[in-house]
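File shown: my_file06.pdb. Contents: PDB, C-alpha atoms.
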MODEL        1
ATOM      1  CA  MET A 147      24.615  20.215  12.483
ATOM      2  CA  SER A 148      24.285  23.970  12.940
ATOM      3  CA  LYS A 149      20.995  25.687  13.744
ATOM      4  CA  SER A 150      21.065  27.499  10.389
ATOM      5  CA  ASN A 151      21.373  24.186   8.530
ATOM      6  CA  GLU A 152      18.533  22.718  10.588
ATOM      7  CA  SER A 153      16.358  25.705   9.734
ATOM      8  CA  GLU A 154      17.151  25.375   6.027
ATOM      9  CA  ILE A 155      16.346  21.654   6.037
ATOM     10  CA  LEU A 156      13.055  22.171   7.865
ATOM     11  CA  SER A 157      12.078  25.014   5.537
ATOM     12  CA  HIS A 158      12.917  22.911   2.470
ATOM     13  CA  ILE A 159      10.882  19.934   3.692
ATOM     14  CA  GLN A 160       7.941  22.131   4.718
ATOM     15  CA  ASN A 161       7.828  23.682   1.252
ATOM     16  CA  ALA A 162       8.136  20.254  -0.353
ATOM     17  CA  ARG A 163       5.373  18.827   1.854
ATOM     18  CA  ASP A 164       2.947  21.597   0.905
ATOM     19  CA  ARG A 165       3.737  21.211  -2.804
ATOM     20  CA  ILE A 166       3.438  17.410  -2.668
ATOM     21  CA  LYS A 167       0.137  17.633  -0.810
ATOM     22  CA  GLY A 168      -1.199  20.116  -3.356
ATOM     23  CA  GLU A 169      -0.196  17.992  -6.340
ATOM     24  CA  ILE A 170      -1.542  14.702  -4.960
ATOM     25  CA  GLU A 171      -4.833  16.346  -3.996
ATOM     26  CA  LYS A 172      -5.378  17.114  -7.685
ATOM     27  CA  VAL A 173      -6.222  13.443  -8.259
ATOM     28  CA  VAL A 174      -6.641  11.834  -4.815
ATOM     29  CA  ILE A 175      -9.440  13.120  -2.592
ATOM     30  CA  GLY A 176      -9.106  12.682   1.163
ATOM     31  CA  GLN A 177      -6.871   9.967   2.707
ATOM     32  CA  GLU A 178      -4.580  12.638   4.219
ATOM     33  CA  THR A 179      -3.247  10.316   6.934
ATOM     34  CA  ILE A 180      -2.464   7.527   4.451
ATOM     35  CA  ILE A 181      -0.697   9.964   2.128
ATOM     36  CA  GLU A 182       1.406  11.351   4.975
ATOM     37  CA  GLN A 183       2.349   7.879   6.201
ATOM     38  CA  LEU A 184       3.328   6.746   2.701
ATOM     39  CA  ILE A 185       5.606   9.786   2.416
ATOM     40  CA  VAL A 186       7.005   8.975   5.883
ATOM     41  CA  GLY A 187       7.793   5.441   4.690
ATOM     42  CA  LEU A 188       9.569   6.743   1.589
ATOM     43  CA  MET A 189      11.544   9.307   3.614
ATOM     44  CA  ALA A 190      12.511   6.628   6.154
ATOM     45  CA  ARG A 191      13.734   4.318   3.372
ATOM     46  CA  GLY A 192      11.185   1.655   4.307
ATOM     47  CA  HIS A 193       8.445  -0.343   2.602
ATOM     48  CA  ALA A 194       4.712  -0.295   3.263
ATOM     49  CA  LEU A 195       1.848  -2.780   3.249
ATOM     50  CA  LEU A 196      -1.517  -1.265   2.313
ATOM     51  CA  THR A 197      -4.751  -3.044   3.175
ATOM     52  CA  GLY A 198      -8.059  -1.928   1.729
ATOM     53  CA  VAL A 199     -11.087  -3.139  -0.193
ATOM     54  CA  PRO A 200     -11.138  -2.710  -3.998
ATOM     55  CA  GLY A 201     -12.119   0.656  -5.432
ATOM     56  CA  LEU A 202     -10.532   2.958  -2.867
ATOM     57  CA  GLY A 203      -7.885   4.298  -5.247
ATOM     58  CA  LYS A 204      -4.807   2.496  -3.923
ATOM     59  CA  THR A 205      -3.165   2.210  -7.353
ATOM     60  CA  LEU A 206      -4.034   5.801  -8.267
ATOM     61  CA  LEU A 207      -2.517   7.033  -5.000
ATOM     62  CA  VAL A 208       0.773   5.180  -5.559
ATOM     63  CA  LYS A 209       0.985   6.323  -9.203
ATOM     64  CA  SER A 210       0.376   9.915  -8.106
ATOM     65  CA  ILE A 211       3.149   9.754  -5.510
ATOM     66  CA  ALA A 212       5.544   8.270  -8.072
ATOM     67  CA  ARG A 213       4.722  11.040 -10.552
ATOM     68  CA  THR A 214       4.999  13.786  -7.921
ATOM     69  CA  PHE A 215       8.437  12.545  -6.906
ATOM     70  CA  SER A 216       9.483  11.980 -10.536
ATOM     71  CA  LEU A 217      10.187   8.304  -9.862
ATOM     72  CA  SER A 218       9.905   5.298 -12.143
ATOM     73  CA  PHE A 219       6.866   3.177 -11.310
ATOM     74  CA  LYS A 220       5.949  -0.456 -12.020
ATOM     75  CA  ARG A 221       2.851  -2.366 -11.021
ATOM     76  CA  ILE A 222       2.976  -6.144 -10.578
ATOM     77  CA  GLN A 223      -0.359  -7.941 -10.425
ATOM     78  CA  PHE A 224       0.266 -10.957  -8.204
ATOM     79  CA  THR A 225      -1.513 -14.142  -9.302
ATOM     80  CA  PRO A 226      -1.236 -17.826  -8.276
ATOM     81  CA  ASP A 227       0.836 -18.652 -11.385
ATOM     82  CA  LEU A 228       3.312 -15.766 -11.017
ATOM     83  CA  MET A 229       6.935 -16.973 -10.895
ATOM     84  CA  PRO A 230       9.996 -15.300  -9.312
ATOM     85  CA  ALA A 231      11.436 -14.643 -12.785
ATOM     86  CA  ASP A 232       8.308 -12.647 -13.649
ATOM     87  CA  ILE A 233       9.323 -10.210 -10.903
ATOM     88  CA  LEU A 234      13.123 -10.285 -10.904
ATOM     89  CA  GLY A 235      13.845 -10.854 -14.594
ATOM     90  CA  THR A 236      15.192 -13.657 -16.724
ATOM     91  CA  GLU A 237      18.006 -14.583 -19.092
ATOM     92  CA  VAL A 238      17.374 -14.576 -22.828
ATOM     93  CA  VAL A 239      19.547 -15.930 -25.621
ATOM     94  CA  GLU A 240      20.711 -13.457 -28.261
ATOM     95  CA  GLU A 241      22.848 -13.988 -31.326
ATOM     96  CA  ASP A 242      25.816 -11.677 -31.889
ATOM     97  CA  LYS A 243      25.423 -10.571 -35.508
ATOM     98  CA  ALA A 244      29.146  -9.922 -35.874
ATOM     99  CA  THR A 245      30.423 -13.288 -34.652
ATOM    100  CA  GLY A 246      27.344 -15.462 -34.962
ATOM    101  CA  LYS A 247      27.775 -16.631 -31.360
ATOM    102  CA  ARG A 248      24.874 -16.979 -28.984
ATOM    103  CA  LEU A 249      25.058 -15.008 -25.767
ATOM    104  CA  PHE A 250      22.956 -14.804 -22.650
ATOM    105  CA  ARG A 251      21.566 -11.433 -21.647
ATOM    106  CA  PHE A 252      19.686 -10.672 -18.430
ATOM    107  CA  VAL A 253      16.425  -8.799 -18.975
ATOM    108  CA  HIS A 254      15.416  -6.777 -15.933
ATOM    109  CA  GLY A 255      12.034  -7.528 -14.410
ATOM    110  CA  PRO A 256       9.519  -4.990 -13.062
ATOM    111  CA  VAL A 257      11.206  -4.937  -9.647
ATOM    112  CA  PHE A 258      13.827  -2.650 -11.224
ATOM    113  CA  ALA A 259      11.901   0.560 -10.544
ATOM    114  CA  ASN A 260      11.938   3.244  -7.872
ATOM    115  CA  ILE A 261       8.390   2.508  -6.716
ATOM    116  CA  VAL A 262       6.986  -1.006  -7.108
ATOM    117  CA  LEU A 263       3.316  -1.695  -6.467
ATOM    118  CA  ALA A 264       2.909  -5.365  -5.530
ATOM    119  CA  ASP A 265      -0.825  -5.671  -6.054
ATOM    120  CA  GLU A 266      -2.519  -8.365  -3.928
ATOM    121  CA  ILE A 267       0.746  -9.875  -2.766
ATOM    122  CA  ASN A 268      -1.101 -12.577  -0.824
ATOM    123  CA  ARG A 269      -2.438 -14.117  -4.054
ATOM    124  CA  THR A 270       0.918 -15.584  -5.092
ATOM    125  CA  PRO A 271       2.697 -18.638  -3.608
ATOM    126  CA  PRO A 272       5.370 -18.232  -0.892
ATOM    127  CA  LYS A 273       8.251 -18.846  -3.329
ATOM    128  CA  THR A 274       7.333 -15.777  -5.382
ATOM    129  CA  GLN A 275       6.565 -13.717  -2.266
ATOM    130  CA  ALA A 276      10.013 -14.576  -0.913
ATOM    131  CA  ALA A 277      11.707 -13.440  -4.135
ATOM    132  CA  LEU A 278      10.221  -9.951  -3.777
ATOM    133  CA  LEU A 279      10.835  -9.765  -0.047
ATOM    134  CA  GLU A 280      14.488 -10.712  -0.526
ATOM    135  CA  ALA A 281      14.864  -7.863  -3.002
ATOM    136  CA  MET A 282      13.219  -5.552  -0.460
ATOM    137  CA  GLU A 283      15.611  -6.559   2.288
ATOM    138  CA  GLU A 284      18.841  -6.729   0.300
ATOM    139  CA  ARG A 285      17.944  -4.018  -2.257
ATOM    140  CA  GLN A 286      19.582  -6.168  -4.896
ATOM    141  CA  VAL A 287      18.712  -9.090  -7.164
ATOM    142  CA  THR A 288      20.862 -12.163  -7.720
ATOM    143  CA  ALA A 289      20.177 -13.984 -10.979
ATOM    144  CA  ALA A 290      22.196 -16.031 -13.431
ATOM    145  CA  GLY A 291      25.218 -15.879 -11.123
ATOM    146  CA  GLN A 292      25.241 -12.077 -11.102
ATOM    147  CA  THR A 293      24.169  -9.488  -8.566
ATOM    148  CA  PHE A 294      22.227  -6.467  -9.780
ATOM    149  CA  THR A 295      21.777  -3.493  -7.461
ATOM    150  CA  LEU A 296      18.337  -1.907  -7.319
ATOM    151  CA  GLU A 297      18.662   1.804  -8.006
ATOM    152  CA  PRO A 298      17.749   3.961  -5.018
ATOM    153  CA  PRO A 299      15.351   5.226  -3.918
ATOM    154  CA  PHE A 300      13.597   1.845  -3.856
ATOM    155  CA  PHE A 301      10.160   1.657  -2.269
ATOM    156  CA  VAL A 302       7.811  -1.347  -2.360
ATOM    157  CA  LEU A 303       4.140  -0.872  -1.638
ATOM    158  CA  ALA A 304       2.293  -4.165  -1.334
ATOM    159  CA  THR A 305      -1.499  -4.348  -1.176
ATOM    160  CA  GLN A 306      -3.773  -6.947   0.366
ATOM    161  CA  ASN A 307      -7.509  -7.390  -0.109
ATOM    162  CA  PRO A 308      -9.077  -8.061   3.312
ATOM    163  CA  ILE A 309     -12.377  -9.487   2.023
ATOM    164  CA  GLU A 310     -11.296 -12.180  -0.467
ATOM    165  CA  LEU A 311      -9.397 -14.877   1.396
ATOM    166  CA  GLU A 312     -10.089 -17.920  -0.803
ATOM    167  CA  GLY A 313      -7.029 -18.985  -2.778
ATOM    168  CA  THR A 314      -4.642 -16.676  -0.934
ATOM    169  CA  TYR A 315      -1.277 -17.270   0.711
ATOM    170  CA  PRO A 316      -1.042 -15.062   3.818
ATOM    171  CA  LEU A 317       2.396 -13.584   4.404
ATOM    172  CA  PRO A 318       4.277 -15.271   7.273
ATOM    173  CA  GLU A 319       4.960 -13.090  10.306
ATOM    174  CA  ALA A 320       8.703 -13.037   9.610
ATOM    175  CA  GLN A 321       8.029 -11.610   6.149
ATOM    176  CA  LEU A 322       5.438  -9.122   7.394
ATOM    177  CA  ASP A 323       8.143  -7.785   9.700
ATOM    178  CA  ARG A 324      10.069  -6.597   6.605
ATOM    179  CA  PHE A 325       7.482  -3.865   6.080
ATOM    180  CA  LEU A 326       8.169  -0.667   7.976
ATOM    181  CA  LEU A 327       4.469   0.295   7.995
ATOM    182  CA  ASN A 328       1.129  -1.450   7.615
ATOM    183  CA  LEU A 329      -1.514   1.064   6.520
ATOM    184  CA  VAL A 330      -5.262   0.501   6.455
ATOM    185  CA  MET A 331      -7.128   2.448   3.779
ATOM    186  CA  ASP A 332     -10.785   3.009   4.669
ATOM    187  CA  TYR A 333     -13.842   4.399   2.912
ATOM    188  CA  LEU A 334     -14.044   8.160   2.395
ATOM    189  CA  PRO A 335     -16.353  10.335   4.487
ATOM    190  CA  GLU A 336     -19.490  11.387   2.615
ATOM    191  CA  SER A 337     -18.267  14.926   1.877
ATOM    192  CA  ASP A 338     -14.983  13.641   0.406
ATOM    193  CA  GLU A 339     -16.751  10.960  -1.622
ATOM    194  CA  ILE A 340     -19.151  13.537  -3.109
ATOM    195  CA  ARG A 341     -16.185  15.686  -4.111
ATOM    196  CA  MET A 342     -14.327  12.683  -5.531
ATOM    197  CA  VAL A 343     -17.292  11.550  -7.655
ATOM    198  CA  THR A 344     -17.897  15.098  -8.902
ATOM    199  CA  GLU A 345     -14.288  15.692  -9.944
ATOM    200  CA  THR A 346     -13.574  12.261 -11.434
ATOM    201  CA  THR A 347     -16.674  12.341 -13.648
ATOM    202  CA  ALA A 348     -15.943  15.787 -15.048
ATOM    203  CA  VAL A 349     -14.624  16.423 -18.574
ATOM    204  CA  GLN A 350     -11.042  17.299 -17.674
ATOM    205  CA  GLU A 351      -8.858  15.070 -15.508
ATOM    206  CA  GLN A 352      -5.969  16.693 -13.701
ATOM    207  CA  GLN A 353      -2.511  15.179 -13.381
ATOM    208  CA  PRO A 354      -0.006  15.914 -10.622
ATOM    209  CA  ASP A 355       3.121  17.833 -11.584
ATOM    210  CA  LYS A 356       6.628  16.748 -10.630
ATOM    211  CA  VAL A 357       7.910  18.333  -7.418
ATOM    212  CA  PHE A 358      11.455  16.994  -7.256
ATOM    213  CA  GLY A 359      13.602  14.086  -8.405
ATOM    214  CA  PRO A 360      15.286  10.984  -6.976
ATOM    215  CA  GLY A 361      18.452  12.866  -5.947
ATOM    216  CA  GLU A 362      16.515  15.165  -3.640
ATOM    217  CA  ILE A 363      14.665  12.211  -2.129
ATOM    218  CA  LEU A 364      17.975  10.498  -1.325
ATOM    219  CA  GLU A 365      19.144  13.724   0.302
ATOM    220  CA  ILE A 366      16.004  13.846   2.466
ATOM    221  CA  GLN A 367      16.490  10.183   3.426
ATOM    222  CA  ASN A 368      19.984  11.072   4.649
ATOM    223  CA  TRP A 369      18.593  14.028   6.620
ATOM    224  CA  VAL A 370      16.115  11.709   8.346
ATOM    225  CA  ARG A 371      18.961   9.593   9.708
ATOM    226  CA  GLN A 372      20.574  12.706  11.200
ATOM    227  CA  VAL A 373      17.509  13.771  13.198
ATOM    228  CA  PRO A 374      18.303  13.311  16.918
ATOM    229  CA  ALA A 375      16.121  11.178  19.183
ATOM    230  CA  SER A 376      16.433  11.740  22.919
ATOM    231  CA  ARG A 377      16.956   8.845  25.299
ATOM    232  CA  HIS A 378      13.526   9.584  26.770
ATOM    233  CA  VAL A 379      11.778   9.079  23.396
ATOM    234  CA  VAL A 380      13.807   5.980  22.508
ATOM    235  CA  ARG A 381      13.035   4.516  25.935
ATOM    236  CA  TYR A 382       9.324   5.141  25.413
ATOM    237  CA  ALA A 383       9.394   3.398  22.007
ATOM    238  CA  VAL A 384      11.253   0.411  23.462
ATOM    239  CA  ARG A 385       8.873   0.196  26.454
ATOM    240  CA  LEU A 386       5.852   0.355  24.147
ATOM    241  CA  VAL A 387       7.167  -2.478  21.969
ATOM    242  CA  ALA A 388       8.283  -4.570  24.964
ATOM    243  CA  ALA A 389       4.786  -4.242  26.422
ATOM    244  CA  THR A 390       3.364  -6.115  23.386
ATOM    245  CA  ARG A 391       5.217  -9.297  24.399
ATOM    246  CA  PRO A 392       3.210 -11.591  26.708
ATOM    247  CA  SER A 393       6.375 -13.081  28.225
ATOM    248  CA  ASN A 394       7.790  -9.670  29.209
ATOM    249  CA  GLN A 395       7.344  -8.622  32.822
ATOM    250  CA  VAL A 396       6.307  -5.086  31.785
ATOM    251  CA  ALA A 397       3.403  -6.421  29.698
ATOM    252  CA  PRO A 398      -0.019  -5.406  31.085
ATOM    253  CA  PRO A 399      -2.401  -8.234  32.094
ATOM    254  CA  PHE A 400      -4.589  -7.779  29.000
ATOM    255  CA  ILE A 401      -1.557  -8.457  26.770
ATOM    256  CA  LYS A 402      -1.023 -11.837  28.414
ATOM    257  CA  ASP A 403      -4.677 -12.665  27.774
ATOM    258  CA  GLN A 404      -5.106 -11.238  24.273
ATOM    259  CA  VAL A 405      -1.713 -11.535  22.523
ATOM    260  CA  LYS A 406      -0.069 -14.737  21.365
ATOM    261  CA  TRP A 407       3.082 -13.104  19.990
ATOM    262  CA  GLY A 408       4.368  -9.545  20.292
ATOM    263  CA  ALA A 409       6.597  -7.280  18.242
ATOM    264  CA  GLY A 410      10.368  -7.745  17.929
ATOM    265  CA  SER A 411      13.198  -5.244  18.173
ATOM    266  CA  ARG A 412      12.742  -4.186  14.546
ATOM    267  CA  ALA A 413       9.491  -2.530  15.643
ATOM    268  CA  SER A 414      11.381  -0.263  18.053
ATOM    269  CA  GLN A 415      13.734   0.740  15.254
ATOM    270  CA  ALA A 416      10.777   1.376  12.945
ATOM    271  CA  LEU A 417       9.028   3.608  15.496
ATOM    272  CA  ILE A 418      12.080   5.830  15.894
ATOM    273  CA  LEU A 419      13.058   5.918  12.212
ATOM    274  CA  ALA A 420       9.533   6.661  11.007
ATOM    275  CA  GLY A 421       9.193   9.111  13.904
ATOM    276  CA  LYS A 422      12.213  11.031  12.620
ATOM    277  CA  ALA A 423      10.621  11.355   9.177
ATOM    278  CA  ARG A 424       7.308  12.470  10.683
ATOM    279  CA  ALA A 425       9.043  15.045  12.869
ATOM    280  CA  LEU A 426      10.663  16.613   9.788
ATOM    281  CA  LEU A 427       7.326  16.661   7.970
ATOM    282  CA  HIS A 428       5.802  18.515  10.920
ATOM    283  CA  GLY A 429       8.578  21.095  11.089
ATOM    284  CA  ARG A 430      10.589  19.702  13.995
ATOM    285  CA  TYR A 431      14.217  18.631  14.032
ATOM    286  CA  THR A 432      13.815  16.224  16.931
ATOM    287  CA  VAL A 433      11.583  13.211  17.538
ATOM    288  CA  ALA A 434       8.809  13.575  20.109
ATOM    289  CA  VAL A 435       6.702  11.006  21.939
ATOM    290  CA  GLU A 436       3.740  12.267  19.898
ATOM    291  CA  ASP A 437       5.467  10.993  16.722
ATOM    292  CA  VAL A 438       5.889   7.530  18.232
ATOM    293  CA  ARG A 439       2.260   7.430  19.378
ATOM    294  CA  ALA A 440       0.960   8.700  16.028
ATOM    295  CA  LEU A 441       2.772   5.886  14.185
ATOM    296  CA  ALA A 442       2.150   3.092  16.708
ATOM    297  CA  GLU A 443      -0.740   1.487  14.808
ATOM    298  CA  ALA A 444       1.005   1.567  11.425
ATOM    299  CA  VAL A 445       4.215   0.120  12.876
ATOM    300  CA  LEU A 446       2.768  -2.468  15.261
ATOM    301  CA  ARG A 447      -0.482  -3.800  13.766
ATOM    302  CA  HIS A 448       1.275  -6.373  11.547
ATOM    303  CA  ARG A 449       3.714  -7.359  14.285
ATOM    304  CA  ILE A 450       1.160  -8.365  16.921
ATOM    305  CA  ILE A 451      -0.650 -11.710  16.762
ATOM    306  CA  PRO A 452      -3.809 -11.928  18.898
ATOM    307  CA  THR A 453      -4.667 -15.234  20.549
ATOM    308  CA  PHE A 454      -7.343 -17.485  19.101
ATOM    309  CA  HIS A 455      -9.745 -16.576  21.918
ATOM    310  CA  ALA A 456      -9.134 -12.845  21.401
ATOM    311  CA  GLU A 457      -9.856 -13.131  17.677
ATOM    312  CA  ALA A 458     -13.039 -15.108  18.446
ATOM    313  CA  GLU A 459     -14.170 -12.195  20.605
ATOM    314  CA  GLY A 460     -13.438  -9.688  17.829
ATOM    315  CA  ILE A 461     -10.286  -8.276  19.436
ATOM    316  CA  THR A 462      -7.915  -7.010  16.755
ATOM    317  CA  ALA A 463      -4.298  -5.873  16.836
ATOM    318  CA  ASP A 464      -5.524  -2.272  16.512
ATOM    319  CA  PHE A 465      -7.691  -2.671  19.618
ATOM    320  CA  VAL A 466      -4.704  -4.052  21.530
ATOM    321  CA  ILE A 467      -2.555  -1.085  20.428
ATOM    322  CA  HIS A 468      -5.238   1.393  21.560
ATOM    323  CA  GLN A 469      -5.238  -0.236  24.989
ATOM    324  CA  LEU A 470      -1.447  -0.079  25.119
ATOM    325  CA  LEU A 471      -1.334   3.614  24.237
ATOM    326  CA  ASN A 472      -3.764   4.303  27.064
ATOM    327  CA  THR A 473      -1.689   2.199  29.469
ATOM    328  CA  ILE A 474       1.967   2.945  28.639
ATOM    329  CA  GLN A 475       2.602   6.577  29.453
ATOM    330  CA  ASP A 476       5.747   8.584  28.732
TER     331      ASP A 476
ENDMDL
END
Rendering of file as structure tokens:
Amino acid sequence: MSKSNESEILSHIQNARDRIKGEIEKVVIGQETIIEQLIVGLMARGHALLTGVPGLGKTLLVKSIARTFSLSFKRIQFTPDLMPADILGTEVVEEDKATGKRLFRFVHGPVFANIVLADEINRTPPKTQAALLEAMEERQVTAAGQTFTLEPPFFVLATQNPIELEGTYPLPEAQLDRFLLNLVMDYLPESDEIRMVTETTAVQEQQPDKVFGPGEILEIQNWVRQVPASRHVVRYAVRLVAATRPSNQVAPPFIKDQVKWGAGSRASQALILAGKARALLHGRYTVAVEDVRALAEAVLRHRIIPTFHAEAEGITADFVIHQLLNTIQD
């Protein structure tokens, strides 16, 4: 790609980023890092898992992003009695008025949207979880002997509540690996919370305006794939992921003590792909080590399983990743 084309792409994305940020900030106060990482996930054609206590504005944030990008949005509230057909769709019987014959027609479920919010995904049984995760992986739905393609862009954001564990079905590690990013949404700082309370209790509520449509998002997703990553950066990402595996000879001693199972090769791919999207957002047409390091927690925290003894001592996956970033240098 020529330098002029690179410059045009970077300029376009920079303008889009500023406009998107401005529109989302009309209704969502703070959470800049989460917003950026959600946009990175969408640009990288991945899915995201969002963990946070109730009342932090997770649904509002996702709705605002969908509106800003002019995308169709569906929210699915996951419950213990939710069935796969409630997500994917079901066949209904209709009578042809002309012939009097009865015909089957497939009615699309809520998964047929550009952005799907799977609210509290760990509250539904594994069979229903698997139905959504299959659609995420294959980007299509098979029902009634037919295959229906999910219209791109297709982005699933699943939420988990970290404080209510009774009656939940935790996602297996193999299914967690389907998510490009795992984002943790925390409480707002005092200054942001004061501003949020002031603005949301005022008379007039603002709504974000549309910035651009699905076609432009697909174009940006294609640009992300074209961003070059040097061998040095790819090697660093691979070394960082390999160091999470206790059986690997490059793993530091604390990994062997604190980690039961490390990240697979999909994590290396996720670091580079998400790094490409982040580089574009920050005005660069090449991936840097700083992009990999900035995304390490979001990419790795759901792919690392601490040992029982580490968990008993309060050692989390995030703590392990912090140690790794201080140990594995570029």
Would you write out, as a VMD selection string, every residue that the PyMOL selection byres ((chain A and resi 476) around 9) captures in this file? chain A and resid 378 to 379 381 to 382 435 474 to 475
Taking the file above as input, evaluate the PyMOL selection byres ((chain A and resi 185) around 10) and report the hits as a PDB file with C-alpha atoms, in the frame of the given file.
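As a result, out_24.pdb now contains:
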ATOM      1  CA  ARG A 163       5.373  18.827   1.854  1.00  0.00           C
ATOM      2  CA  ILE A 166       3.438  17.410  -2.668  1.00  0.00           C
ATOM      3  CA  THR A 179      -3.247  10.316   6.934  1.00  0.00           C
ATOM      4  CA  ILE A 180      -2.464   7.527   4.451  1.00  0.00           C
ATOM      5  CA  ILE A 181      -0.697   9.964   2.128  1.00  0.00           C
ATOM      6  CA  GLU A 182       1.406  11.351   4.975  1.00  0.00           C
ATOM      7  CA  GLN A 183       2.349   7.879   6.201  1.00  0.00           C
ATOM      8  CA  LEU A 184       3.328   6.746   2.701  1.00  0.00           C
ATOM      9  CA  VAL A 186       7.005   8.975   5.883  1.00  0.00           C
ATOM     10  CA  GLY A 187       7.793   5.441   4.690  1.00  0.00           C
ATOM     11  CA  LEU A 188       9.569   6.743   1.589  1.00  0.00           C
ATOM     12  CA  MET A 189      11.544   9.307   3.614  1.00  0.00           C
ATOM     13  CA  ALA A 190      12.511   6.628   6.154  1.00  0.00           C
ATOM     14  CA  ARG A 191      13.734   4.318   3.372  1.00  0.00           C
ATOM     15  CA  ILE A 211       3.149   9.754  -5.510  1.00  0.00           C
ATOM     16  CA  ALA A 420       9.533   6.661  11.007  1.00  0.00           C
ATOM     17  CA  ALA A 423      10.621  11.355   9.177  1.00  0.00           C
ATOM     18  CA  ARG A 424       7.308  12.470  10.683  1.00  0.00           C
ATOM     19  CA  LEU A 427       7.326  16.661   7.970  1.00  0.00           C
TER      20      LEU A 427
END
The PyMOL selection byres ((chain A and resi 437-446) around 7) applied to the shown file, residues as a list in words: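 With the shown file as input, the PyMOL selection byres ((chain A and resi 437-446) around 7) matches Leu326, Leu327, Asn328, Leu329, Ala383, Ala409, Ala413, Ala416, Leu417, Ile418, Gly421, Arg424, Ala425, Val433, Ala434, Val435, Glu436, Arg447, His448, Arg449, Ile450, Asp464 and Ile467 of chain A.
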Fewer than 3 positions away in the same chain doesn't count, so skip those; otherwise give me all residues within 7 Å of region 348-364 of chain A, counting all atoms listed in the file, as a PyMOL selection string. chain A and resi 165-166+169-170+172-173+210+213-217+299+344-345+367-368
Near Val387 (chain A), counting all atoms listed in the file, which residues have an atom at most 8 Å away, once you skip same-chain residues fewer than 2 positions from it, shown as a list in words? Ala383, Val384, Arg385, Ala389, Thr390, Arg391, Gly408, Ala409, Gly410, Ser411, Ala413 and Ser414 of chain A
For a test of reading the model, state the distance in Å between CA of Lys220 (chain A) and CA of Gly255 (chain A), rounded to one decimal.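 Rounded to one decimal, the two atoms are 9.6 Å apart.
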Can you pull out every residue within 9 Å of region 457-461 of chain A, counting all atoms listed in the file, but drop anything in the same chain fewer than 5 positions away, and send it as a list in words? Gln404, Pro452 and Val466 of chain A
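For Ala259 (chain A), the non-local neighbours within 10 Å, defined as residues at least 4 positions apart in the same chain or in other chains and counting all atoms listed in the file, are Leu217, Ser218, Phe219, Lys220, Arg221, His254, Gly255, Leu263, Leu296, Glu297, Pro298, Pro299, Phe300, Phe301 and Val302 of chain A.
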Interatomic distance (Å, one decimal) between CA of Ile261 (chain A) and CA of Ala276 (chain A):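 Value for the CA of Ile261 (chain A)-CA of Ala276 (chain A) distance: 18.1 Å.
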Please, what distance in Å, to one decimal, runs between CA of Arg251 (chain A) and CA of Val239 (chain A)? 6.3 Å
Using only C-alpha atoms, which protein or nucleic acid residues come within 7 Å of region 152-159 of chain A? Drop anything in the same chain fewer than 6 positions from it, and give the result as a PyMOL selection string. chain A and resi 426-427+429+431
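Remark: for Ala264 (chain A), the closest of the candidate residues A:His193, A:Arg285, A:Arg324, A:His428 is A:His193 (distances computed over all atoms listed in the file).
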Counting only C-alpha atoms, which residue out of A:Thr453, A:Thr314, A:Gln415, A:Thr305 sits closest to Ala194 (chain A)?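 Answer, going by the shortest atom-to-atom distance: A:Thr305.
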